[in-house]
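What follows is a set of notes on a single structure, which appears directly below.
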Amino acid sequence: MLKKCVVVLVILALVTVHKCGGDGDGVFSSAIRPADAFPSFPSADRVVRQTSSSMTPSQCSFGRGRELTVCHWNMTDLESVESIESRAPTWQLSSGRLSYFRGGPATDASGDQDGGYLLMETSRGTAETLKLPSIMINATLPEGRCVVFQYAMDGPSADRLRLVLQQSQMVHQMANDTVLLVPRRETLWEGRSDTGDKWLTASVLYSHGQPHQLAFEAVVDQSAQNTRRLRGHFGLDNVDLGTWKESENEKALNENPDTLMVDPCLGHCNFDGGFCGWSNDQEDDFDWNLGRGSLSGVTGPITGHYSRGYAYIDSGYPRRPGDRARLLSPQMDSTDPDQPLCLRFWTHLFGNGIGTLKVIQSFGLPGSEISSRELWSLTGESSNNWHQGQISISSNSIFRIIFEATTGRNHLGDIAIDDVSFNPGPCPSAPQAAAAPTQQSDCNFEIDECGWTNAGTRENVDDIDWIRHPAENSRQLLVKDHTTYTGKGYVMSPTRSPVQRPSDRAWLYSRPFNVTAGKLDMRCLTFWYFMNEPIIDPAGPSLGSLRIYTRTEDKFSGLPVMGQMVVIWRLQNHQGSSWKMGRALIQQSVNYRVVIEGLWGSSRGTGSISIDDISFYEGSCSTYPNQAMPMATECNFDRDTCSWRSVGNGTSVRPDTDWRLATAARRPANLPDHTFGAPSGYVYFDVFSQQNRQEVIRLVGPNMTSGGIGRPRLCLTFWFAAFGAGDTTQLRVLMMDSVTSSEKEIWMLRVVQLEAIRPDWNFGQVELESDGTNLSGQEVRLVYEGRASNGGFAIDDITIYQGGCQTRPKIATPIS
């Protein structure tokens, strides 16, 4: 079955009402210049973007309360270009107060529940392409137009949002000449990320020498897996088609030349009308130039990537091998720890003498100590075409980006760049060959595995392998990869087999990360995951789990040397039918690798576990999603007891009386695992004493810091099952002080209190409280203590959450 995508267009345009009078304003309506020609304008020393006159309604926040407005966007003149159902989705005005009536975000982009925004709700029906015509936008200034808007996307059917430039075939009369404008369509920006409950800001700089239209396209996924018409929406707010505050920026620069620019397209540049605030370094060997087309047939581009202009180095006389030219960005502010920037640019490296192009990030203000790090580097010729490069950018201080070009062995080595942009969110380094050593585990898996490897057979640590494959070849039909959003794009998944067993796992190793002695390596790992179980077993979800570890190592040659494994991120079972972003913080003071573990549950359906678009960036960040944050004490016992240990009381007459892992051959009352419904994957104790002697068996966890005054409250959750007929069979949860070994009972339950006919899983929880003697909380261990002479308990899925909770079941509250 073929996938079907629905594209809904909102075409927004800038209304122009005055003619070009030859004064250099660059806006014209009746006077049409020849095709592919920009109007001429006086040169300027500073960045000058296209701005709007007072009669140009280009900015709209869509009103508030009862006065919602579409400003000057024509929302009623709807043109149908294909068949449309009676309940077809379309763009409409809405607000947060209408979100439960119409759908959409709970507030506008400013957080106002009464604020207006444009909404396209995807579950209202199906449609083909809808167009909302607009008045034409006239040709931009060469410096370009900066388009800024805020957007929200949510739901399985919200596929992607695009900003496109459209130029229809038109005939214009100019004096005695007739000018034919050739049809053209270009995607200026595309967003494919589920923003959840957040609004994100996008900035796009473009230039175009002819009248044109801009359109927002909302692409709706109408594939077979969404036959339930799952809810989804697109939101647009604060759309600004070019009202860049030039005067405010000039004032700020005059008051302080080192001030940060207020240009919303700061750092973006297409080099059609200048360097856009980028500047040549005064301490290098020569300068970058602006170009429009190489005059040589053996080096350099014949035109820019999208429009005509680009920046380049001239490798001809008097250049010598090894000369450097450095192009510096404007000073840029620090990035959000959870929201780095993706620097995207296009490169042209054609010629027999191509040297090296590097991307460098420098830190510090002018006059202060400057430090730098190399992010990206590519050496040698890479064909007579434009190729895209990208890299994640993060910083906790003011920084600059530097394009450094070094001349090669001869004068046929012109290096060019074009269409530089900064977009919110991380991205894998591309091409992978250009990644810096700290970024070489970035991967989108389109070419190969980028150095990620499966565990060796001799290590005996897993059962199956990860494989790289086209998304359409997965067990889940109509799956797209995240990089290309097509079925042809590649992803990584743990293998499946007809003889697969529950808890079969695959380990995938990253390249090694070398840590400088005495320093703490702190970086963030971001990736996209797909965990979909479309057919849920009657016993519950049983897809499996995805976990990420760091593993310390003593050396990086030959087979990896097993070191300490620390889980930094984990989720299990069904997470939805779309790609979702994951983020984890890495903190290590010794050499390490990242290990990605895929573990299959007992699912008999067609489920998928896949990963794509792995990226690393330096800095601190929070775990995402929140529920993926691991805790030191948690364990689901699928293959081992984690850091929990069984401890007897020293008086047992039966040496085999302890907490043990259930197996398919040995488990109480054929009780299945709670996590995946498998025949194994939990711990239990089972006592039968002919002398009616009560045994005491303890399961002791690792050290942890309890909740308490000055710390977040913590809630311990777990699942338990009871079996046996002994009146004395009971389960207690204790908090034991790691220093004094004093204990406090916080949860207790006897088998007879459950009145259960057969063993079944029950939910338990209790708040972990400090005794108040230590404002920072105290180092404690959790202890599950079982007592029985005829019977026992099973435990599974021990987890700790932040926040307080009530004891469950209530009958387990200890008597004080």
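By convention in this document, the chains of the structure tokens carry letters A, B, ... by their order, each chain's residues are numbered from 1, and ligands are numbered from 1 in the order they are shown.
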
Quick one: contact table of region 401-458 of chain A to region 338-354 of chain A, 9 Å max, nearest atom pair and distance in Å to one decimal per residue, counting only C-alpha atoms, chain and number order, as JSON lines?
{"residue": "A:Thr406", "atom": "CA", "partner": "A:Ile354", "partner_atom": "CA", "distance": 8.4}
{"residue": "A:Thr407", "atom": "CA", "partner": "A:Ile354", "partner_atom": "CA", "distance": 6.6}
{"residue": "A:Gly408", "atom": "CA", "partner": "A:Gly353", "partner_atom": "CA", "distance": 5.0}
{"residue": "A:Arg409", "atom": "CA", "partner": "A:Gly353", "partner_atom": "CA", "distance": 5.2}
{"residue": "A:Asn410", "atom": "CA", "partner": "A:Gly353", "partner_atom": "CA", "distance": 4.8}
{"residue": "A:His411", "atom": "CA", "partner": "A:Gly353", "partner_atom": "CA", "distance": 6.2}
{"residue": "A:Leu412", "atom": "CA", "partner": "A:Gly353", "partner_atom": "CA", "distance": 4.6}
{"residue": "A:Gly413", "atom": "CA", "partner": "A:Ile354", "partner_atom": "CA", "distance": 3.9}
{"residue": "A:Asp414", "atom": "CA", "partner": "A:Ile354", "partner_atom": "CA", "distance": 6.6}
{"residue": "A:Ile415", "atom": "CA", "partner": "A:Leu349", "partner_atom": "CA", "distance": 5.3}
{"residue": "A:Ala416", "atom": "CA", "partner": "A:His348", "partner_atom": "CA", "distance": 5.1}
{"residue": "A:Ile417", "atom": "CA", "partner": "A:Thr347", "partner_atom": "CA", "distance": 4.6}
{"residue": "A:Asp418", "atom": "CA", "partner": "A:Trp346", "partner_atom": "CA", "distance": 5.1}
{"residue": "A:Asp419", "atom": "CA", "partner": "A:Phe345", "partner_atom": "CA", "distance": 5.5}
{"residue": "A:Val420", "atom": "CA", "partner": "A:Phe345", "partner_atom": "CA", "distance": 4.4}
{"residue": "A:Ser421", "atom": "CA", "partner": "A:Arg344", "partner_atom": "CA", "distance": 5.4}
{"residue": "A:Phe422", "atom": "CA", "partner": "A:Leu343", "partner_atom": "CA", "distance": 4.7}
{"residue": "A:Asn423", "atom": "CA", "partner": "A:Cys342", "partner_atom": "CA", "distance": 5.0}
{"residue": "A:Pro424", "atom": "CA", "partner": "A:Leu341", "partner_atom": "CA", "distance": 4.8}
{"residue": "A:Gly425", "atom": "CA", "partner": "A:Leu341", "partner_atom": "CA", "distance": 5.2}
{"residue": "A:Pro426", "atom": "CA", "partner": "A:Cys342", "partner_atom": "CA", "distance": 5.3}
{"residue": "A:Cys427", "atom": "CA", "partner": "A:Cys342", "partner_atom": "CA", "distance": 5.7}
{"residue": "A:Pro428", "atom": "CA", "partner": "A:Cys342", "partner_atom": "CA", "distance": 8.7}

As a PDB file with N, CA and C atoms, in the first residue's frame, please: all residues of region 183-423 of chain A that backbone DSSP puts in helix (DSSP H, G or I).
ATOM      1  N   ALA A 224      -1.770   4.255   6.046  1.00  0.00           N
ATOM      2  CA  ALA A 224      -2.701   3.239   6.558  1.00  0.00           C
ATOM      3  C   ALA A 224      -2.642   3.117   8.067  1.00  0.00           C
ATOM      4  N   GLN A 225      -1.480   3.385   8.671  1.00  0.00           N
ATOM      5  CA  GLN A 225      -1.393   3.202  10.109  1.00  0.00           C
ATOM      6  C   GLN A 225      -2.172   4.277  10.858  1.00  0.00           C
ATOM      7  N   ASN A 226      -2.604   5.325  10.125  1.00  0.00           N
ATOM      8  CA  ASN A 226      -3.378   6.377  10.766  1.00  0.00           C
ATOM      9  C   ASN A 226      -4.842   6.342  10.343  1.00  0.00           C
ATOM     10  N   GLU A 246      15.866  47.413  11.594  1.00  0.00           N
ATOM     11  CA  GLU A 246      17.171  47.958  11.209  1.00  0.00           C
ATOM     12  C   GLU A 246      17.540  49.157  12.069  1.00  0.00           C
ATOM     13  N   SER A 247      16.576  50.044  12.310  1.00  0.00           N
ATOM     14  CA  SER A 247      16.879  51.252  13.069  1.00  0.00           C
ATOM     15  C   SER A 247      17.302  50.917  14.494  1.00  0.00           C
ATOM     16  N   GLU A 248      16.640  49.920  15.106  1.00  0.00           N
ATOM     17  CA  GLU A 248      17.014  49.531  16.459  1.00  0.00           C
ATOM     18  C   GLU A 248      18.422  48.966  16.483  1.00  0.00           C
ATOM     19  N   ASN A 249      18.777  48.198  15.457  1.00  0.00           N
ATOM     20  CA  ASN A 249      20.116  47.616  15.408  1.00  0.00           C
ATOM     21  C   ASN A 249      21.178  48.699  15.202  1.00  0.00           C
ATOM     22  N   GLU A 250      20.891  49.667  14.336  1.00  0.00           N
ATOM     23  CA  GLU A 250      21.831  50.753  14.112  1.00  0.00           C
ATOM     24  C   GLU A 250      22.061  51.530  15.400  1.00  0.00           C
ATOM     25  N   LYS A 251      20.990  51.786  16.137  1.00  0.00           N
ATOM     26  CA  LYS A 251      21.113  52.522  17.393  1.00  0.00           C
ATOM     27  C   LYS A 251      21.957  51.747  18.385  1.00  0.00           C
ATOM     28  N   ALA A 252      21.715  50.424  18.479  1.00  0.00           N
ATOM     29  CA  ALA A 252      22.478  49.601  19.426  1.00  0.00           C
ATOM     30  C   ALA A 252      23.953  49.565  19.046  1.00  0.00           C
ATOM     31  N   LEU A 253      24.241  49.461  17.747  1.00  0.00           N
ATOM     32  CA  LEU A 253      25.632  49.407  17.307  1.00  0.00           C
ATOM     33  C   LEU A 253      26.341  50.738  17.526  1.00  0.00           C
ATOM     34  N   ASN A 254      25.620  51.857  17.360  1.00  0.00           N
ATOM     35  CA  ASN A 254      26.236  53.160  17.568  1.00  0.00           C
ATOM     36  C   ASN A 254      26.576  53.388  19.032  1.00  0.00           C
ATOM     37  N   GLU A 255      25.703  52.886  19.931  1.00  0.00           N
ATOM     38  CA  GLU A 255      25.954  53.038  21.356  1.00  0.00           C
ATOM     39  C   GLU A 255      27.081  52.144  21.826  1.00  0.00           C
TER      40      GLU A 255
END

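Residues in contact with Asn460 (chain A) at up to 12 Å, not including ones fewer than 2 positions away on its chain and judged by only C-alpha atoms, are A:Asn454, A:Ala455, A:Gly456, A:Thr457, A:Arg458, A:Asp462, A:Asp463, A:Ile464, A:Asp465, A:Arg505, A:Ala506, A:Trp507, A:Leu559, A:Met562.
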
Tell me, counting only C-alpha atoms, for each residue of region 456-527 of chain A within 10 Å of region 437-451 of chain A, which pair of atoms is nearest and how far apart they are in Å to one decimal, in rows ordered by chain and increasing number, as a Markdown table.
| residue | atom | partner | partner_atom | distance |
| --- | --- | --- | --- | --- |
| A:Ile467 | CA | A:Glu449 | CA | 9.1 |
| A:Arg468 | CA | A:Phe445 | CA | 7.2 |
| A:His469 | CA | A:Phe445 | CA | 8.8 |
| A:Pro470 | CA | A:Glu446 | CA | 8.9 |
| A:Asp481 | CA | A:Asn444 | CA | 9.4 |
| A:His482 | CA | A:Asn444 | CA | 8.5 |
| A:Thr483 | CA | A:Asn444 | CA | 6.5 |
| A:Thr484 | CA | A:Glu446 | CA | 8.9 |
| A:Lys488 | CA | A:Glu446 | CA | 9.4 |
| A:Gly489 | CA | A:Glu446 | CA | 6.4 |
| A:Tyr490 | CA | A:Glu446 | CA | 5.3 |
| A:Val491 | CA | A:Phe445 | CA | 6.1 |
| A:Met492 | CA | A:Phe445 | CA | 7.5 |
| A:Tyr509 | CA | A:Gly451 | CA | 8.4 |
| A:Ser510 | CA | A:Ser441 | CA | 6.0 |
| A:Arg511 | CA | A:Gly451 | CA | 5.9 |
| A:Pro512 | CA | A:Ser441 | CA | 8.7 |
| A:Phe513 | CA | A:Thr438 | CA | 7.0 |
| A:Asn514 | CA | A:Thr438 | CA | 8.6 |
| A:Arg523 | CA | A:Thr438 | CA | 9.8 |
| A:Leu525 | CA | A:Asp442 | CA | 9.3 |
| A:Thr526 | CA | A:Asp442 | CA | 9.4 |
| A:Phe527 | CA | A:Cys443 | CA | 9.3 |

Selection to disk with N, CA, C and O atoms, as a compact mmCIF listing (two decimals), in the first residue's frame:
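So part_11.txt came out as:
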# COMPACT_ATOMS: atom_id res chain seq x y z
N ILE A 467 21.17 -4.06 12.96
CA ILE A 467 21.39 -4.05 11.51
C ILE A 467 20.95 -2.69 10.95
O ILE A 467 20.02 -2.06 11.45
N ARG A 468 21.66 -2.27 9.90
CA ARG A 468 21.30 -1.05 9.17
C ARG A 468 20.44 -1.47 7.99
O ARG A 468 20.82 -2.35 7.21
N HIS A 469 19.28 -0.84 7.82
CA HIS A 469 18.36 -1.28 6.75
C HIS A 469 17.44 -0.13 6.37
O HIS A 469 17.22 0.81 7.14
N PRO A 470 16.86 -0.18 5.15
CA PRO A 470 15.86 0.82 4.77
C PRO A 470 14.64 0.72 5.69
O PRO A 470 14.24 -0.38 6.09
N ASP A 481 12.18 6.70 7.61
CA ASP A 481 13.30 7.04 8.47
C ASP A 481 13.12 8.49 8.91
O ASP A 481 12.25 9.21 8.42
N HIS A 482 13.96 8.95 9.85
CA HIS A 482 13.81 10.32 10.33
C HIS A 482 14.61 11.29 9.48
O HIS A 482 14.23 12.46 9.36
N THR A 483 15.69 10.86 8.87
CA THR A 483 16.56 11.76 8.12
C THR A 483 15.90 12.26 6.85
O THR A 483 15.82 13.47 6.60
N THR A 484 15.41 11.34 6.02
CA THR A 484 14.84 11.70 4.73
C THR A 484 13.32 11.68 4.73
O THR A 484 12.70 12.17 3.78
N LYS A 488 12.84 4.79 1.90
CA LYS A 488 14.15 4.42 1.37
C LYS A 488 15.28 4.79 2.32
O LYS A 488 16.40 4.30 2.17
N GLY A 489 15.02 5.69 3.27
CA GLY A 489 16.05 6.12 4.19
C GLY A 489 16.43 5.02 5.18
O GLY A 489 15.62 4.14 5.49
N TYR A 490 17.65 5.09 5.70
CA TYR A 490 18.18 4.00 6.53
C TYR A 490 18.05 4.30 8.02
O TYR A 490 18.16 5.45 8.46
N VAL A 491 17.83 3.22 8.78
CA VAL A 491 17.75 3.26 10.24
C VAL A 491 18.53 2.08 10.80
O VAL A 491 18.99 1.21 10.05
N MET A 492 18.68 2.03 12.12
CA MET A 492 19.29 0.89 12.79
C MET A 492 18.24 0.24 13.69
O MET A 492 17.51 0.92 14.41
N TYR A 509 28.08 -0.38 19.90
CA TYR A 509 29.14 0.44 20.50
C TYR A 509 29.43 1.67 19.64
O TYR A 509 29.55 1.59 18.42
N SER A 510 29.62 2.80 20.30
CA SER A 510 30.10 3.99 19.61
C SER A 510 31.61 3.91 19.42
O SER A 510 32.27 3.00 19.93
N ARG A 511 32.16 4.86 18.69
CA ARG A 511 33.60 5.04 18.69
C ARG A 511 34.03 5.43 20.11
O ARG A 511 33.22 5.93 20.89
N PRO A 512 35.30 5.27 20.45
CA PRO A 512 35.75 5.66 21.79
C PRO A 512 35.80 7.17 21.97
O PRO A 512 36.06 7.91 21.03
N PHE A 513 35.53 7.61 23.18
CA PHE A 513 35.70 9.00 23.57
C PHE A 513 36.88 9.06 24.55
O PHE A 513 36.83 8.47 25.63
N ASN A 514 37.94 9.76 24.15
CA ASN A 514 39.12 9.90 25.00
C ASN A 514 38.96 11.13 25.88
O ASN A 514 38.65 12.22 25.38
N ARG A 523 28.94 16.04 27.92
CA ARG A 523 28.34 16.26 26.61
C ARG A 523 26.94 15.66 26.58
O ARG A 523 26.57 14.85 27.43
N LEU A 525 23.96 13.67 24.36
CA LEU A 525 23.64 12.76 23.27
C LEU A 525 22.19 12.98 22.89
O LEU A 525 21.29 12.91 23.74
N THR A 526 21.93 13.27 21.63
CA THR A 526 20.56 13.35 21.13
C THR A 526 20.38 12.33 20.01
O THR A 526 21.33 12.00 19.29
N PHE A 527 19.18 11.85 19.86
CA PHE A 527 18.90 10.84 18.85
C PHE A 527 17.39 10.79 18.66
O PHE A 527 16.62 11.41 19.41

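Restricting the calculation to only C-alpha atoms, the smallest distance between Arg639 (chain A) and any of A:Ser503, A:Thr516, A:Gln588, A:Ser789 is found for A:Ser503.
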
*Mind pulling up the distance from CA of Leu93 (chain A) to CA of Leu118 (chain A)?*
4.9 Å

_Contacts of Asp114 (chain A) at 12 Å (only C-alpha atoms; same-chain gap of 5+ positions) as a list in words_ = Ser61, Phe62, Gly63, Arg64, Gly65, Arg66, Glu67, Leu68, Leu93, Ser94, Ser95, Gly96, Arg97, Leu98, Ser99, Pro105, Ala106, Thr107, Asp108 and Ala109 of chain A

_Taking only C-alpha atoms into account, name the residue in A:Val204, A:Pro538, A:Ser589, A:Gln765 that is nearest to Ala517 (chain A)._
A:Ser589

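For the atom pair formed by CA of Leu205 (chain A) and CA of Ser394 (chain A), the distance is 21.5 Å, given to one decimal.
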
Which residues are close to Leu328 (chain A), i.e. within 10 Å by only C-alpha atoms, leaving aside same-chain residues fewer than 4 positions away? Reply as a CSV table (one decimal) with all heavy atoms, in the first residue's frame.
chain,number,residue,atom,x,y,z
A,267,GLY,N,23.6,35.9,11.6
A,267,GLY,CA,24.5,34.8,11.2
A,267,GLY,C,24.1,34.2,9.9
A,267,GLY,O,24.9,33.6,9.2
A,275,PHE,N,28.3,40.5,3.1
A,275,PHE,CA,28.7,39.5,4.0
A,275,PHE,C,27.7,39.3,5.2
A,275,PHE,O,28.0,38.5,6.1
A,275,PHE,CB,30.1,39.7,4.5
A,275,PHE,CG,31.2,39.4,3.5
A,275,PHE,CD1,31.9,40.3,2.9
A,275,PHE,CD2,31.4,38.0,3.3
A,275,PHE,CE1,32.9,40.0,2.0
A,275,PHE,CE2,32.4,37.7,2.3
A,275,PHE,CZ,33.1,38.7,1.7
A,277,GLY,N,27.1,40.8,8.0
A,277,GLY,CA,27.7,40.9,9.3
A,277,GLY,C,28.9,40.0,9.5
A,277,GLY,O,29.6,40.2,10.6
A,278,TRP,N,29.2,39.1,8.6
A,278,TRP,CA,30.4,38.3,8.7
A,278,TRP,C,31.5,39.2,8.3
A,278,TRP,O,31.4,40.1,7.4
A,278,TRP,CB,30.3,37.1,7.8
A,278,TRP,CG,29.3,36.0,8.2
A,278,TRP,CD1,28.0,36.1,8.2
A,278,TRP,CD2,29.7,34.8,8.8
A,278,TRP,NE1,27.4,35.0,8.7
A,278,TRP,CE2,28.4,34.1,9.1
A,278,TRP,CE3,30.9,34.1,9.0
A,278,TRP,CZ2,28.4,32.8,9.6
A,278,TRP,CZ3,30.8,32.8,9.6
A,278,TRP,CH2,29.6,32.2,9.9
A,279,SER,N,32.7,39.0,8.8
A,279,SER,CA,33.9,39.8,8.5
A,279,SER,C,35.1,39.0,8.3
A,279,SER,O,35.3,37.9,8.9
A,279,SER,CB,34.1,40.9,9.6
A,279,SER,OG,34.3,40.2,10.8
A,280,ASN,N,36.1,39.6,7.5
A,280,ASN,CA,37.3,38.9,7.3
A,280,ASN,C,38.2,39.2,8.5
A,280,ASN,O,38.3,40.3,9.1
A,280,ASN,CB,38.0,39.4,6.1
A,280,ASN,CG,37.5,38.8,4.8
A,280,ASN,OD1,37.8,37.6,4.6
A,280,ASN,ND2,36.8,39.5,4.0
A,281,ASP,N,39.0,38.1,8.9
A,281,ASP,CA,39.9,38.2,10.0
A,281,ASP,C,41.1,39.1,9.6
A,281,ASP,O,41.6,39.0,8.5
A,281,ASP,CB,40.4,36.8,10.4
A,281,ASP,CG,41.2,36.8,11.7
A,281,ASP,OD1,41.5,37.9,12.2
A,281,ASP,OD2,41.4,35.7,12.2
A,360,ILE,N,35.3,26.5,12.7
A,360,ILE,CA,35.9,26.6,14.1
A,360,ILE,C,35.0,27.5,14.9
A,360,ILE,O,34.4,28.4,14.4
A,360,ILE,CB,37.3,27.3,14.0
A,360,ILE,CG1,38.2,26.4,13.1
A,360,ILE,CG2,37.9,27.5,15.4
A,360,ILE,CD1,39.5,27.0,12.8
A,361,GLN,N,34.9,27.1,16.2
A,361,GLN,CA,34.1,27.9,17.1
A,361,GLN,C,35.0,28.6,18.1
A,361,GLN,O,35.8,27.9,18.7
A,361,GLN,CB,33.1,27.0,17.9
A,361,GLN,CG,32.1,27.7,18.8
A,361,GLN,CD,31.1,26.8,19.5
A,361,GLN,OE1,31.3,25.6,19.5
A,361,GLN,NE2,30.0,27.4,20.0
A,362,SER,N,35.0,29.9,18.2
A,362,SER,CA,35.8,30.6,19.2
A,362,SER,C,35.0,31.2,20.3
A,362,SER,O,33.8,31.6,20.1
A,362,SER,CB,36.6,31.7,18.4
A,362,SER,OG,35.7,32.7,18.0
A,400,ARG,N,31.8,33.0,18.4
A,400,ARG,CA,31.8,33.2,17.0
A,400,ARG,C,32.0,31.9,16.2
A,400,ARG,O,32.6,31.0,16.8
A,400,ARG,CB,32.9,34.2,16.5
A,400,ARG,CG,32.7,35.7,17.0
A,400,ARG,CD,33.9,36.5,16.5
A,400,ARG,NE,33.9,37.8,17.0
A,400,ARG,CZ,33.4,38.9,16.4
A,400,ARG,NH1,32.9,38.7,15.2
A,400,ARG,NH2,33.5,40.1,16.9
A,401,ILE,N,31.5,31.9,15.0
A,401,ILE,CA,31.8,30.8,14.1
A,401,ILE,C,32.8,31.3,13.1
A,401,ILE,O,32.7,32.4,12.5
A,401,ILE,CB,30.6,30.2,13.4
A,401,ILE,CG1,29.6,29.6,14.5
A,401,ILE,CG2,30.9,29.2,12.4
A,401,ILE,CD1,30.2,28.4,15.2
A,402,ILE,N,33.8,30.5,12.7
A,402,ILE,CA,34.8,30.9,11.8
A,402,ILE,C,34.9,29.9,10.6
A,402,ILE,O,35.0,28.7,10.9
A,402,ILE,CB,36.2,31.0,12.4
A,402,ILE,CG1,36.2,32.0,13.6
A,402,ILE,CG2,37.3,31.4,11.4
A,402,ILE,CD1,37.5,31.9,14.4
A,403,PHE,N,34.8,30.3,9.4
A,403,PHE,CA,35.1,29.5,8.2
A,403,PHE,C,36.5,29.8,7.9
A,403,PHE,O,36.9,30.9,7.5
A,403,PHE,CB,34.1,29.8,7.1
A,403,PHE,CG,32.8,29.3,7.2
A,403,PHE,CD1,31.7,30.0,7.6
A,403,PHE,CD2,32.5,27.9,6.9
A,403,PHE,CE1,30.4,29.5,7.7
A,403,PHE,CE2,31.3,27.4,7.1
A,403,PHE,CZ,30.2,28.2,7.5
A,404,GLU,N,37.4,28.8,8.0
A,404,GLU,CA,38.8,28.9,7.7
A,404,GLU,C,39.1,28.1,6.5
A,404,GLU,O,39.0,26.8,6.5
A,404,GLU,CB,39.6,28.5,8.9
A,404,GLU,CG,41.1,28.6,8.6
A,404,GLU,CD,42.0,28.1,9.8
A,404,GLU,OE1,42.1,28.8,10.8
A,404,GLU,OE2,42.4,26.9,9.7

_Nearest residue to Ser620 (chain A) from the set A:Leu671, A:Val733, A:Asp336, A:Arg808 (distances using only C-alpha atoms)_ =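 Using only C-alpha atoms, Ser620 (chain A) sits closest to A:Asp336.
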
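Proximity to Met704 (chain A) was assessed for A:Thr633, A:Ser578, A:Thr335, A:Gln572 counting only C-alpha atoms; the smallest distance is recorded for A:Thr633.
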
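When only C-alpha atoms are used to measure the gap to Arg693 (chain A), the shortest distance among A:Ser622, A:Ser383, A:Ser315, A:Asn790 belongs to A:Asn790.
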
_What's around Leu295 (chain A) at 12 Å? Count only C-alpha atoms, leave out sequence neighbours fewer than 5 positions away in its own chain, and write the answer as a ChimeraX atom specification._
/A:300-303,314,414
